[in-house]
Each structure stands twice: as C-alpha cells, then as structure tokens.
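Visitor: Sharing model07.cif below, mmCIF, C-alpha atoms and all ligand atoms:
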```
data_input
loop_
_atom_site.label_atom_id
_atom_site.label_comp_id
_atom_site.auth_asym_id
_atom_site.auth_seq_id
_atom_site.Cartn_x
_atom_site.Cartn_y
_atom_site.Cartn_z
CA MET A 1 -31.03 50.91 -7.55
CA LEU A 2 -27.72 49.28 -8.56
CA ALA A 3 -29.00 45.97 -7.20
CA ILE A 4 -32.21 46.27 -9.24
CA LEU A 5 -30.25 46.98 -12.41
CA ARG A 6 -27.87 44.12 -11.71
CA GLU A 7 -30.78 41.70 -11.38
CA ARG A 8 -32.83 42.90 -14.31
CA GLY A 9 -30.51 44.45 -16.88
CA GLY A 10 -31.77 47.53 -18.74
CA LEU A 11 -34.83 49.26 -17.22
CA SER A 12 -36.62 52.53 -17.85
CA ARG A 13 -36.84 55.17 -15.09
CA ALA A 14 -40.52 54.29 -14.61
CA GLN A 15 -39.67 50.62 -14.14
CA ILE A 16 -36.94 51.48 -11.63
CA ALA A 17 -39.37 53.73 -9.76
CA ALA A 18 -41.98 50.96 -9.59
CA ARG A 19 -39.45 48.46 -8.26
CA SER A 20 -37.61 50.70 -5.82
CA GLY A 21 -40.51 52.75 -4.50
CA LEU A 22 -38.36 55.87 -4.84
CA SER A 23 -40.05 59.16 -5.64
CA ARG A 24 -39.55 60.73 -9.03
CA THR A 25 -37.41 63.50 -7.59
CA THR A 26 -35.16 61.21 -5.57
CA LEU A 27 -34.79 58.83 -8.47
CA SER A 28 -33.88 61.68 -10.77
CA GLU A 29 -31.14 62.89 -8.38
CA ILE A 30 -29.68 59.41 -8.02
CA THR A 31 -29.73 58.54 -11.71
CA GLY A 32 -28.19 61.92 -12.57
CA ASP A 33 -25.36 61.31 -10.14
CA LEU A 34 -24.75 57.70 -11.22
CA LEU A 35 -24.80 58.70 -14.90
CA ALA A 36 -22.31 61.49 -14.19
CA ARG A 37 -20.00 59.02 -12.45
CA GLY A 38 -20.28 56.55 -15.28
CA ALA A 39 -21.60 53.89 -12.91
CA ILE A 40 -24.69 53.50 -15.07
CA VAL A 41 -25.22 54.18 -18.74
CA VAL A 42 -28.07 54.67 -21.19
CA VAL A 43 -28.07 51.45 -23.20
CA ASN A 44 -31.09 51.75 -25.45
CA THR A 45 -34.75 52.69 -25.49
CA ASP A 46 -37.81 50.58 -24.82
CA ALA A 47 -39.15 51.28 -28.35
CA ARG A 48 -39.01 47.55 -29.12
CA ASP A 49 -41.55 46.72 -26.39
CA ARG A 50 -43.87 49.58 -27.25
CA ALA A 51 -47.09 48.83 -29.05
CA GLY A 52 -48.68 52.27 -28.98
CA SER A 53 -47.49 55.77 -29.72
CA GLY A 54 -45.47 58.00 -27.43
CA ARG A 55 -41.80 58.76 -27.15
CA PRO A 56 -39.75 55.68 -26.18
CA ALA A 57 -38.20 55.83 -22.72
CA GLU A 58 -34.45 55.48 -22.21
CA LEU A 59 -33.26 52.26 -20.65
CA LEU A 60 -30.63 52.55 -17.95
CA ALA A 61 -28.20 49.77 -17.06
CA LEU A 62 -24.98 49.16 -15.19
CA ASP A 63 -21.82 50.03 -17.08
CA PRO A 64 -21.34 46.90 -19.24
CA ARG A 65 -17.62 46.88 -18.42
CA SER A 66 -18.27 46.68 -14.69
CA GLY A 67 -18.65 42.91 -14.67
CA GLN A 68 -18.89 39.79 -16.76
CA PHE A 69 -20.73 36.59 -15.93
CA LEU A 70 -20.17 33.12 -17.31
CA GLY A 71 -22.85 30.48 -17.84
CA VAL A 72 -21.91 26.89 -18.66
CA ASP A 73 -24.29 24.03 -19.48
CA LEU A 74 -22.77 20.54 -19.40
CA GLY A 75 -25.39 18.34 -21.08
CA HIS A 76 -25.36 14.71 -22.14
CA THR A 77 -23.89 15.39 -25.59
CA ARG A 78 -22.48 18.94 -25.55
CA ALA A 79 -21.07 21.77 -23.50
CA ARG A 80 -22.57 25.20 -24.08
CA VAL A 81 -21.07 28.46 -22.83
CA ALA A 82 -22.34 32.03 -22.76
CA VAL A 83 -20.78 35.20 -21.35
CA ALA A 84 -22.90 38.22 -20.43
CA ASP A 85 -21.87 41.72 -19.39
CA ALA A 86 -23.43 43.68 -16.56
CA THR A 87 -26.28 44.89 -18.81
CA HIS A 88 -27.26 41.20 -19.36
CA GLU A 89 -26.18 41.37 -23.01
CA ILE A 90 -24.69 38.08 -24.26
CA ILE A 91 -21.23 39.10 -25.52
CA ALA A 92 -19.76 35.69 -26.36
CA SER A 93 -21.00 32.15 -26.73
CA GLY A 94 -20.12 28.76 -28.15
CA VAL A 95 -20.77 25.04 -28.13
CA ASP A 96 -18.61 21.92 -28.16
CA GLU A 97 -20.06 18.48 -28.76
CA TYR A 98 -18.86 15.22 -27.26
CA PRO A 99 -20.08 11.66 -27.79
CA PRO A 100 -23.16 10.57 -25.78
CA GLY A 101 -22.07 8.72 -22.68
CA SER A 102 -18.79 10.67 -22.36
CA SER A 103 -17.26 10.36 -18.92
CA TRP A 104 -17.85 13.09 -16.43
CA PRO A 105 -14.19 14.24 -16.33
CA ARG A 106 -14.27 14.46 -20.14
CA ARG A 107 -17.35 16.71 -20.06
CA LEU A 108 -15.86 18.88 -17.36
CA THR A 109 -12.62 19.30 -19.33
CA ALA A 110 -14.61 20.08 -22.48
CA GLY A 111 -16.49 22.81 -20.61
CA VAL A 112 -13.39 24.48 -19.17
CA ASP A 113 -11.51 24.24 -22.49
CA LEU A 114 -14.48 25.73 -24.35
CA VAL A 115 -14.47 28.73 -21.99
CA ASP A 116 -10.77 29.27 -22.69
CA ARG A 117 -11.26 28.96 -26.45
CA ILE A 118 -14.20 31.39 -26.53
CA ALA A 119 -12.30 33.85 -24.37
CA SER A 120 -9.31 33.92 -26.72
CA GLU A 121 -11.36 33.87 -29.95
CA GLN A 122 -13.97 36.42 -28.88
CA GLY A 123 -11.75 38.68 -26.77
CA ILE A 124 -13.14 38.02 -23.30
CA ASN A 125 -10.97 38.92 -20.34
CA LEU A 126 -11.58 36.03 -17.92
CA ALA A 127 -9.97 37.96 -15.08
CA ALA A 128 -13.02 40.27 -15.19
CA LEU A 129 -15.47 37.46 -14.44
CA GLN A 130 -17.60 38.18 -11.39
CA GLY A 131 -19.63 35.01 -11.25
CA ILE A 132 -19.85 31.59 -12.86
CA GLY A 133 -22.95 29.40 -13.06
CA VAL A 134 -22.59 25.79 -14.17
CA GLY A 135 -25.62 23.67 -15.07
CA VAL A 136 -25.30 19.90 -15.08
CA ALA A 137 -27.64 17.22 -16.44
CA GLY A 138 -29.42 15.32 -13.69
CA PRO A 139 -29.74 16.02 -9.98
CA TYR A 140 -26.09 14.96 -9.70
CA PRO A 141 -23.75 14.51 -12.64
CA ALA A 142 -23.53 10.80 -13.47
CA GLY A 143 -20.15 9.49 -12.37
CA GLY A 144 -19.22 12.73 -10.65
CA SER A 145 -20.38 15.23 -8.09
CA ARG A 146 -21.08 18.92 -7.82
CA GLN A 147 -17.88 19.18 -5.81
CA ASP A 148 -15.94 18.09 -8.92
CA VAL A 149 -17.57 20.94 -10.84
CA LEU A 150 -16.81 23.49 -8.17
CA ALA A 151 -13.22 22.27 -7.91
CA ALA A 152 -12.59 22.28 -11.68
CA PHE A 153 -13.90 25.81 -12.20
CA ALA A 154 -12.53 27.22 -8.94
CA GLU A 155 -9.08 25.91 -9.87
CA ARG A 156 -9.15 27.62 -13.28
CA PHE A 157 -11.09 30.84 -12.54
CA ALA A 158 -11.06 33.28 -9.65
CA ALA A 159 -14.80 34.06 -9.63
CA PRO A 160 -17.33 32.40 -7.30
CA VAL A 161 -19.03 29.33 -8.83
CA LEU A 162 -22.57 28.10 -8.34
CA VAL A 163 -23.76 24.72 -9.60
CA ASP A 164 -27.28 23.49 -10.23
CA ASN A 165 -29.30 21.31 -12.55
CA ASN A 166 -29.30 22.63 -16.14
CA THR A 167 -33.06 22.17 -16.61
CA ARG A 168 -33.66 24.19 -13.49
CA PHE A 169 -31.45 26.95 -14.90
CA ALA A 170 -33.51 26.78 -18.12
CA ALA A 171 -36.61 27.37 -15.98
CA LEU A 172 -35.03 30.50 -14.55
CA ALA A 173 -34.08 31.73 -18.02
CA GLU A 174 -37.65 31.26 -19.30
CA ALA A 175 -39.07 33.00 -16.22
CA SER A 176 -36.72 35.96 -16.68
CA GLY A 177 -37.64 36.66 -20.30
CA GLU A 178 -39.25 39.77 -21.74
CA THR A 179 -42.39 39.21 -19.71
CA GLU A 180 -40.86 38.69 -16.30
CA ALA A 181 -42.88 36.31 -14.13
CA GLY A 182 -42.40 35.66 -10.43
CA ASP A 183 -44.06 32.25 -10.03
CA VAL A 184 -43.39 29.81 -12.83
CA LEU A 185 -43.56 26.06 -13.47
CA TYR A 186 -41.23 24.81 -16.17
CA VAL A 187 -41.22 21.27 -17.56
CA ARG A 188 -38.98 19.84 -20.26
CA LEU A 189 -39.96 16.77 -22.29
CA ALA A 190 -36.84 15.12 -23.68
CA ASP A 191 -35.19 11.70 -23.22
CA GLY A 192 -36.17 12.23 -19.60
CA ILE A 193 -38.58 14.73 -18.08
CA GLY A 194 -37.14 17.40 -15.83
CA GLY A 195 -38.41 20.70 -14.60
CA GLY A 196 -37.95 23.67 -12.38
CA LEU A 197 -39.92 25.91 -10.07
CA VAL A 198 -39.44 29.64 -9.81
CA VAL A 199 -41.17 31.14 -6.78
CA GLY A 200 -41.06 34.85 -6.06
CA GLY A 201 -38.52 35.26 -8.88
CA ARG A 202 -36.09 32.83 -7.27
CA LEU A 203 -35.17 29.32 -8.31
CA VAL A 204 -36.31 26.67 -5.84
CA SER A 205 -33.81 23.84 -5.40
CA GLY A 206 -35.55 22.08 -2.53
CA ALA A 207 -34.02 20.64 0.62
CA GLY A 208 -32.10 17.97 -1.26
CA GLY A 209 -31.76 19.68 -4.65
CA ALA A 210 -34.61 17.70 -6.20
CA ALA A 211 -37.44 20.25 -6.54
CA GLY A 212 -39.36 20.25 -9.83
CA GLU A 213 -39.05 16.54 -10.66
CA PHE A 214 -42.32 16.45 -12.59
CA GLY A 215 -41.12 13.40 -14.51
CA HIS A 216 -41.47 11.12 -11.51
CA VAL A 217 -45.00 12.04 -10.50
CA LYS A 218 -47.15 8.92 -10.88
CA VAL A 219 -49.73 9.08 -13.67
CA ASP A 220 -50.54 5.37 -14.11
CA PRO A 221 -50.42 3.06 -11.05
CA SER A 222 -50.37 0.00 -13.33
CA GLY A 223 -47.92 1.53 -15.82
CA GLY A 224 -44.40 0.50 -16.77
CA ILE A 225 -41.32 0.57 -14.54
CA CYS A 226 -39.48 3.90 -14.62
CA ARG A 227 -35.70 4.29 -14.48
CA CYS A 228 -36.17 5.67 -10.97
CA GLY A 229 -37.52 2.29 -9.86
CA LYS A 230 -41.14 3.35 -9.43
CA ARG A 231 -44.07 2.37 -11.63
CA GLY A 232 -46.10 4.58 -13.95
CA CYS A 233 -44.18 7.87 -13.67
CA LEU A 234 -45.00 10.69 -16.12
CA GLU A 235 -41.64 9.95 -17.74
CA THR A 236 -42.85 6.45 -18.75
CA VAL A 237 -45.69 8.08 -20.73
CA ALA A 238 -44.56 11.49 -21.96
CA ALA A 239 -40.77 11.31 -22.51
CA VAL A 240 -39.53 11.04 -26.09
CA ARG A 241 -38.93 7.28 -26.21
CA PRO A 242 -42.30 6.04 -24.85
CA VAL A 243 -44.13 8.47 -27.13
CA LEU A 244 -42.20 7.26 -30.20
CA ALA A 245 -42.85 3.63 -29.21
CA ALA A 246 -46.58 4.19 -28.68
CA ALA A 247 -46.81 6.09 -31.97
CA GLY A 248 -44.86 3.40 -33.85
CA VAL A 249 -42.37 5.86 -35.37
CA ASP A 250 -38.57 5.99 -35.31
CA ASP A 251 -37.70 9.56 -34.48
CA LEU A 252 -39.07 13.03 -33.71
CA GLY A 253 -38.93 14.11 -37.36
CA GLU A 254 -41.23 11.27 -38.35
CA LEU A 255 -43.45 11.95 -35.34
CA ALA A 256 -43.88 15.56 -36.49
CA VAL A 257 -44.64 14.64 -40.10
CA ARG A 258 -47.15 11.89 -39.24
CA ARG A 259 -48.76 13.58 -36.24
CA ASP A 260 -52.27 13.65 -37.74
CA GLU A 261 -52.39 9.86 -38.21
CA PRO A 262 -54.68 8.19 -35.64
CA ARG A 263 -52.06 6.06 -33.86
CA VAL A 264 -49.54 8.91 -33.66
CA ARG A 265 -52.22 11.32 -32.55
CA ALA A 266 -53.35 8.90 -29.81
CA ALA A 267 -49.78 8.67 -28.48
CA THR A 268 -49.22 12.42 -28.33
CA ASP A 269 -52.72 13.00 -26.92
CA ARG A 270 -52.01 10.55 -24.12
CA ALA A 271 -48.73 12.31 -23.33
CA ALA A 272 -50.43 15.73 -23.37
CA ASP A 273 -53.23 14.47 -21.12
CA ALA A 274 -50.85 12.97 -18.53
CA LEU A 275 -48.65 16.07 -18.62
CA GLY A 276 -51.68 18.34 -18.23
CA ARG A 277 -52.93 16.47 -15.17
CA VAL A 278 -49.53 16.60 -13.43
CA LEU A 279 -49.15 20.32 -14.17
CA ALA A 280 -52.74 21.01 -13.07
CA ASP A 281 -52.06 19.37 -9.69
CA ALA A 282 -48.87 21.40 -9.31
CA ALA A 283 -50.71 24.58 -10.36
CA LEU A 284 -53.41 24.03 -7.74
CA ILE A 285 -50.70 23.79 -5.10
CA LEU A 286 -48.48 26.69 -6.25
CA ASN A 287 -50.86 28.99 -8.16
CA PRO A 288 -48.21 30.04 -10.72
CA GLU A 289 -48.79 32.87 -13.19
CA LEU A 290 -46.95 31.04 -15.95
CA ILE A 291 -46.37 27.42 -17.03
CA VAL A 292 -43.70 26.84 -19.70
CA ILE A 293 -43.46 23.55 -21.61
CA GLY A 294 -40.16 22.97 -23.39
CA GLY A 295 -37.92 20.30 -24.85
CA PRO A 296 -37.63 18.51 -28.21
CA LEU A 297 -40.95 16.66 -27.94
CA PRO A 298 -43.30 19.69 -27.85
CA PHE A 299 -40.97 21.41 -30.32
CA ALA A 300 -41.73 18.58 -32.78
CA VAL A 301 -45.43 18.40 -31.89
CA PRO A 302 -46.64 21.78 -30.57
CA GLU A 303 -50.16 20.34 -30.15
CA ILE A 304 -48.86 18.75 -26.93
CA VAL A 305 -48.67 22.22 -25.36
CA ALA A 306 -52.22 23.06 -26.43
CA GLY A 307 -53.47 19.65 -25.26
CA ALA A 308 -51.88 20.01 -21.82
CA ALA A 309 -53.20 23.59 -21.58
CA ALA A 310 -56.75 22.37 -22.24
CA VAL A 311 -56.47 19.79 -19.45
CA ILE A 312 -55.04 22.36 -17.03
CA ALA A 313 -57.86 24.81 -17.86
CA THR A 314 -60.54 22.24 -17.00
CA GLU A 315 -58.82 21.30 -13.74
CA MET A 316 -58.57 24.84 -12.31
CA ILE A 317 -61.04 26.07 -9.71
CA PRO A 318 -62.83 29.43 -10.04
CA VAL A 319 -60.64 31.18 -7.47
CA GLY A 320 -58.05 33.70 -8.57
CA SER A 321 -56.71 33.51 -12.08
CA GLY A 322 -55.41 30.43 -13.87
CA PRO A 323 -51.90 30.29 -15.25
CA LEU A 324 -50.80 31.38 -18.71
CA ILE A 325 -49.46 28.31 -20.51
CA ARG A 326 -46.96 28.58 -23.34
CA ALA A 327 -44.21 26.75 -25.18
CA ALA A 328 -40.61 27.50 -24.28
CA ARG A 329 -39.11 30.43 -26.22
CA LEU A 330 -35.40 29.94 -25.70
CA GLY A 331 -33.24 27.52 -27.65
CA ASP A 332 -30.45 25.18 -26.68
CA ASP A 333 -28.59 27.92 -24.80
CA ASP A 334 -31.37 28.21 -22.19
CA GLY A 335 -29.33 26.37 -19.55
CA ALA A 336 -26.27 28.60 -20.02
CA ARG A 337 -28.42 31.74 -19.99
CA GLY A 338 -30.22 30.61 -16.85
CA ALA A 339 -26.89 29.94 -15.14
CA ILE A 340 -25.97 33.57 -15.79
CA THR A 341 -29.35 34.76 -14.51
CA ALA A 342 -28.75 32.80 -11.32
CA CYS A 343 -25.44 34.66 -10.90
CA PHE A 344 -27.20 38.01 -11.33
CA LEU A 345 -29.82 37.06 -8.76
CA GLN A 346 -27.66 35.37 -6.18
CA SER A 347 -24.21 36.86 -6.11
CA PRO A 348 -23.58 39.77 -3.76
CA LEU A 349 -21.11 41.15 -6.26
CA LEU A 350 -21.54 44.87 -5.96
CA ALA A 351 -18.51 45.06 -3.70
CA ASP A 352 -16.15 46.23 -6.43
CA TYR A 353 -18.73 48.42 -8.07
CA PRO A 354 -18.17 52.21 -8.15
CA SER A 355 -19.56 53.38 -4.84
CA ALA A 356 -23.03 54.84 -4.85
CA VAL A 357 -23.96 58.36 -3.79
CA PRO A 358 -22.77 58.79 -0.17
CA GLY A 359 -25.64 58.70 2.26
CA SER A 360 -28.21 58.00 -0.41
CA ARG A 361 -30.77 55.25 -0.46
CA SER A 362 -29.36 53.71 -3.59
ZN ZN B 1 -39.77 7.70 -12.17
#
```
For the structure just supplied, provide its representation as structure tokens.

Guide:
Amino acid sequence: MLAILRERGGLSRAQIAARSGLSRTTLSEITGDLLARGAIVVVNTDARDRAGSGRPAELLALDPRSGQFLGVDLGHTRARVAVADATHEIIASGVDEYPPGSSWPRRLTAGVDLVDRIASEQGINLAALQGIGVGVAGPYPAGGSRQDVLAAFAERFAAPVLVDNNTRFAALAEASGETEAGDVLYVRLADGIGGGLVVGGRLVSGAGGAAGEFGHVKVDPSGGICRCGKRGCLETVAAVRPVLAAAGVDDLGELAVRRDEPRVRAATDRAADALGRVLADAALILNPELIVIGGPLPFAVPEIVAGAAAVIATEMIPVGSGPLIRAARLGDDDGARGAITACFLQSPLLADYPSAVPGSRS
C-alpha cells in the first residue's frame, strides 16, 4: 500500500482497494494503523474529480515530510527545477534562462545553482531529498554525456540520480496526469521532433536510449535531408522551421494569426497529415490508449492535433478500440515534473520510511 501511494500520490480507499486487491476489511485495518502511526495522512478529498452527487471520499497519501524529490530539466535555452513532496505536491519550482547554444558545463552549472537558489529562497531542505531526476535535451547532451550529469549532481547531492531525455520525461508526466493511462504515445513538435513511449505505466528508453524518435521516421522518400543524415524524416516536414518556411511566415505568432490563409493552411495540413500517418503506424504496433501531441507548433495551431487525429482515425482497423488523441496539457515544466514521476516509479526508496504493520501484507 505504501508503494502504491508513493507511485500515485493521493488516492481514495476505493482506488487503493482496486490497485492492491486487498479486501475492504484488511484495507481498513492497515489504513487505520498507518494513520495512527502518522505514516500516511488524509490530504484532501476527491470532490474536485466528482461530477455527480455523493459524499466526496477522503484521499490518503504518504506523510508529505517523509521524502522530497527533485526534477531538473536542462533544455536548450533554460534550466527548470521542481521539487515535490511524498504526496506528489509541487512545493518549490523555478527557472533560469541561458543563451541558446550555451556550453554543456554552463547548463549543468546553471541547473545545480538553480537548485541551490530555490532551496534557500523557498525553504527546501536538500538533505531530505530522496531522489533526483534530470532531463536533458537530445539522446545525449550535446558536448557532454550523461555521466557528466550524474557526476555533477552526485557530487553536490546525496540522493540517487537518474538521467533521461527531457521529452521522454514529459511523456511520462502527460501519461501520469489526472486520467492515468498505461500505454501512451507522446510526440513533441518543436525545433526538432522528439517523443516518448509509456508502456504499462513505465517509460520505455529502448536498448540504446533512443525509443520514441518519431521525428526520424521517413514520411517522404524524395524529401529533404534531415539533420540525422537521412532523407525525408517527419522532422523535415512537421518541425517548426520547415512548417514556417512552407507557410511563408516568420514565426509561430504569425503562423497562428494567418492560419486560415490557403498557403499557411496547406503547410500545417501537410504537417498534420505526415504526423498522423507516423502516429497511426505506431498505434497499430503498440495499441496505445492515449496519444498526446505537444510542443510549441500545435500550441500555436491546435488544428494540427485535430488533423492528425482524423488521419489516425481513418488508419485504425476495427479491432479493439482506437486511441484517444489530445493536445498536451502541461506547460514548460513538463520535463521537470516527469523527472520527478520517474523517481516515484523507479526508486526503491521506502527503506527509510516508517515501517509498516509487522507481518501485514502492506
Ligand atoms: Zn532524421
């Protein structure tokens, strides 16, 4: 039960029962004991998620003071940091910008310094950290390595550190939202196109850490050369720059304003069509329940999400149910939040937790 609460944050007794398979009576004994010990607390009610009538159920969670988790996202132009307590509540956060093209050591220093600044300004005790997740742009940070990240954070903080791609962490954050989904495809249309796969509630990195590279699936065999060296990748059609060029506009603001003009519409339609076909192929292989499309491009032109969804719908076969397709809900802190979620899911950090009922099944 403690593991379930660590992974999911606040849950009602009914939700805990459904996940644990414990009987009502057993669950009641265990929760009573854990509440009495202060190991878990009542944090809120589920009134917010309730559409109908009926008394809201109490939500139980780990004692918020029992652990803190740090998420860091080192992007191309900024570091973003979030700290969550054991109930999954974000208790501190911040951002620090650096010039595009900043060296890797500079970004790493900015990230560590930002953590220190937030801790002192917002009263976070860094000695209480139980896990650190660090997201980096790209499969490997340009000009550095994941070992550099591990070394920099391990040198400064005592908690275990895990490092992964920041877009993949964003996928995990989107999959772990209010409507939890186990099998999710996430794609992000920005200067490049990245993505992530969540299968069975867990982030898939792949054998070489390159799972979810939707941007380099070929959509046009006679298309332009991609930065990866191949020809006609999705990224050459549906990333921000090729869309702006095809539309004949200068930036995303102009793209949004002029999106009903024929040439602009043709450019975004082509991007949506190519994106939809790539996601449809992936959906036929993985049968996800949810596909999330994020990034600044669909944020500027939401019709891209609807256009891709229409293509995906026509490509599905009448077996099982097709995926729900939606725009991303989280903002720029999605990578930092996902890094924290990865800590909750992966770290075996209940060691220091108040011990559970002796001999129980908790
Ligand atoms: Zn490519």

Visitor: Pick the closest to A:Gly331 from A:Asp220, A:Asp281, A:Asp164, A:Glu174: which is it, counting only C-alpha atoms?

Guide: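 Looking at the shortest contact to A:Gly331, the residue is A:Glu174.
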
Visitor: Under the rule that all atoms listed in the file are counted, which of A:Ala247, A:Val199, A:Leu330, A:Ala84 is the nearest residue to A:Ser66?

Guide: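 Of all the options, A:Ala84 lies closest to A:Ser66.
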
Visitor: Would you list the residues that come within 6 Å of ligand ZN 1 (chain B)? Count all atoms listed in the file and give the answer as a ChimeraX atom specification.

Guide: /A:216,226-228,230,233

Visitor: Can you work out the spacing between atom CA of A:Ala190 and atom CA of A:Gly138 in Å, to one decimal?

Guide: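 These two atoms are separated by 12.4 Å.
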
Visitor: Check which residues of stretch 119-202 of chain A sit at most 10 Å from stretch 311-323 of chain A using all atoms listed in the file, and return one row each with the closest pair of atoms and their distance in Å to one decimal, ordered by chain and rising number, as a Markdown table.

Guide:
```
| residue | atom | partner | partner_atom | distance |
| --- | --- | --- | --- | --- |
| A:Asp183 | CA | A:Pro323 | CA | 9.6 |
| A:Val184 | CA | A:Pro323 | CA | 8.9 |
| A:Leu185 | CA | A:Pro323 | CA | 9.5 |
```

Visitor: Can you work out the spacing between atom CA of A:Gly135 and atom CA of A:Val198 in Å, to one decimal?

Guide: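 Between these atoms lies a distance of 15.9 Å.
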
Visitor: I want to know what sits within 6 Å of stretch 260-267 of chain A, based on only C-alpha atoms, with residues of the same chain fewer than 3 positions away left out; could you give that as a PyMOL selection string?

Guide: chain A and resi 243+246-247+270

Visitor: Measure the distance from atom CA of A:Thr109 to atom CA of A:Phe344 in Å and round it to one decimal.

Guide: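 Separation of atom CA of A:Thr109 and atom CA of A:Phe344: 25.0 Å.
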
Visitor: Quick one: everything within 7 Å of A:Ser12, counting all atoms listed in the file, minus sequence neighbours fewer than 4 positions away in the same chain. Send it as a ChimeraX atom specification.

Guide: /A:16,57-60

Visitor: Using all atoms listed in the file, which residue out of A:Thr26, A:Ser120, A:Ser176, A:Gln346 lies closest to A:Val161?

Guide: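 Ranking A:Thr26, A:Ser120, A:Ser176, A:Gln346 by distance to A:Val161, first place goes to A:Gln346.
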
Visitor: Show me, as a short mmCIF file (atom, residue, chain, number, x, y, z; two decimals) with C-alpha atoms, in the coordinates of the input, the residues that have an atom within 8 Å of stretch 70-79 of chain A when counting all atoms listed in the file, minus same-chain residues fewer than 2 positions from it.

Guide:
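This is the output file result.cif:
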```cif
data_model
loop_
_atom_site.label_atom_id
_atom_site.label_comp_id
_atom_site.auth_asym_id
_atom_site.auth_seq_id
_atom_site.Cartn_x
_atom_site.Cartn_y
_atom_site.Cartn_z
CA GLN A 68 -18.89 39.79 -16.76
CA VAL A 81 -21.07 28.46 -22.83
CA ALA A 82 -22.34 32.03 -22.76
CA VAL A 83 -20.78 35.20 -21.35
CA ALA A 84 -22.90 38.22 -20.43
CA VAL A 95 -20.77 25.04 -28.13
CA ASP A 96 -18.61 21.92 -28.16
CA GLU A 97 -20.06 18.48 -28.76
CA TYR A 98 -18.86 15.22 -27.26
CA PRO A 99 -20.08 11.66 -27.79
CA PRO A 100 -23.16 10.57 -25.78
CA GLY A 101 -22.07 8.72 -22.68
CA SER A 102 -18.79 10.67 -22.36
CA ARG A 107 -17.35 16.71 -20.06
CA LEU A 108 -15.86 18.88 -17.36
CA ALA A 110 -14.61 20.08 -22.48
CA GLY A 111 -16.49 22.81 -20.61
CA LEU A 114 -14.48 25.73 -24.35
CA LEU A 129 -15.47 37.46 -14.44
CA GLY A 131 -19.63 35.01 -11.25
CA ILE A 132 -19.85 31.59 -12.86
CA GLY A 133 -22.95 29.40 -13.06
CA VAL A 134 -22.59 25.79 -14.17
CA GLY A 135 -25.62 23.67 -15.07
CA VAL A 136 -25.30 19.90 -15.08
CA ALA A 137 -27.64 17.22 -16.44
CA ASN A 166 -29.30 22.63 -16.14
CA ASP A 333 -28.59 27.92 -24.80
CA GLY A 335 -29.33 26.37 -19.55
CA ALA A 336 -26.27 28.60 -20.02
CA ARG A 337 -28.42 31.74 -19.99
CA GLY A 338 -30.22 30.61 -16.85
CA ALA A 339 -26.89 29.94 -15.14
CA ILE A 340 -25.97 33.57 -15.79
#
```

Visitor: Show which residues sit within 8 Å of stretch 153-158 of chain A, as JSON, numbers by chain. Count all atoms listed in the file, and ignore same-chain residues fewer than 2 positions away.

Guide: {"A": [112, 126, 127, 129, 149, 150, 151, 160, 161]}

Visitor: Between A:Gly294, A:Arg231, A:Arg13, A:Val163, which has the minimum distance to A:Gly32 (counting all atoms listed in the file)?

Guide: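 The shortest atom-to-atom distance to A:Gly32 comes from A:Arg13.
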
Visitor: For a quick check of understanding, using all atoms listed in the file, which of A:Ala3, A:Ala342, A:Gly248, A:Phe69 has the smallest distance to A:Ser20?

Guide: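 Of A:Ala3, A:Ala342, A:Gly248, A:Phe69, the one nearest A:Ser20, counting all atoms listed in the file, is A:Ala3.
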
Visitor: Specify the axis-aligned box that encloses all atoms of stretch 184-189 of chain A listed in the file after padding of 3 Å on each side, stating its centre and edge lengths in Å to one decimal as lines of an AutoDock Vina configuration file.

Guide:
```
center_x = -41.3
center_y = 23.3
center_z = -17.6
size_x = 10.6
size_y = 19.0
size_z = 15.5
```

Visitor: When you look at A:Ile304 with a cut-off of 8 Å (counting only C-alpha atoms), what residues show up, excluding the ones that are within fewer than 4 positions of it in the same chain? I need them as a VMD selection string.

Guide: chain A and resid 268 to 269 271 to 272 298 308

Visitor: With N, CA and C atoms as the target, complete stretch 234-248 of chain A and hand it back as a short mmCIF file (atom, residue, chain, number, x, y, z; two decimals), in the frame of the given file.

Guide:
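Written file, result.cif:
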```
data_model
loop_
_atom_site.label_atom_id
_atom_site.label_comp_id
_atom_site.auth_asym_id
_atom_site.auth_seq_id
_atom_site.Cartn_x
_atom_site.Cartn_y
_atom_site.Cartn_z
N LEU A 234 -44.73 9.89 -14.92
CA LEU A 234 -45.00 10.69 -16.12
C LEU A 234 -43.96 10.40 -17.21
N GLU A 235 -42.72 10.20 -16.79
CA GLU A 235 -41.64 9.95 -17.74
C GLU A 235 -41.85 8.68 -18.57
N THR A 236 -42.60 7.70 -18.01
CA THR A 236 -42.85 6.45 -18.75
C THR A 236 -43.93 6.64 -19.81
N VAL A 237 -44.59 7.81 -19.79
CA VAL A 237 -45.69 8.08 -20.73
C VAL A 237 -45.35 9.22 -21.70
N ALA A 238 -44.67 10.25 -21.19
CA ALA A 238 -44.56 11.49 -21.96
C ALA A 238 -43.13 11.89 -22.30
N ALA A 239 -42.13 11.04 -22.03
CA ALA A 239 -40.77 11.31 -22.51
C ALA A 239 -40.70 10.89 -23.98
N VAL A 240 -39.62 11.27 -24.65
CA VAL A 240 -39.53 11.04 -26.09
C VAL A 240 -39.69 9.56 -26.46
N ARG A 241 -38.94 8.69 -25.80
CA ARG A 241 -38.93 7.28 -26.21
C ARG A 241 -40.31 6.61 -26.06
N PRO A 242 -40.98 6.69 -24.93
CA PRO A 242 -42.30 6.04 -24.85
C PRO A 242 -43.31 6.61 -25.85
N VAL A 243 -43.20 7.89 -26.15
CA VAL A 243 -44.13 8.47 -27.13
C VAL A 243 -43.86 7.90 -28.53
N LEU A 244 -42.56 7.82 -28.89
CA LEU A 244 -42.20 7.26 -30.20
C LEU A 244 -42.67 5.80 -30.30
N ALA A 245 -42.46 5.05 -29.20
CA ALA A 245 -42.85 3.63 -29.21
C ALA A 245 -44.36 3.49 -29.37
N ALA A 246 -45.12 4.28 -28.60
CA ALA A 246 -46.58 4.19 -28.68
C ALA A 246 -47.10 4.62 -30.05
N ALA A 247 -46.38 5.59 -30.67
CA ALA A 247 -46.81 6.09 -31.97
C ALA A 247 -46.36 5.17 -33.10
N GLY A 248 -45.38 4.29 -32.82
CA GLY A 248 -44.86 3.40 -33.85
C GLY A 248 -44.02 4.13 -34.89
#
```
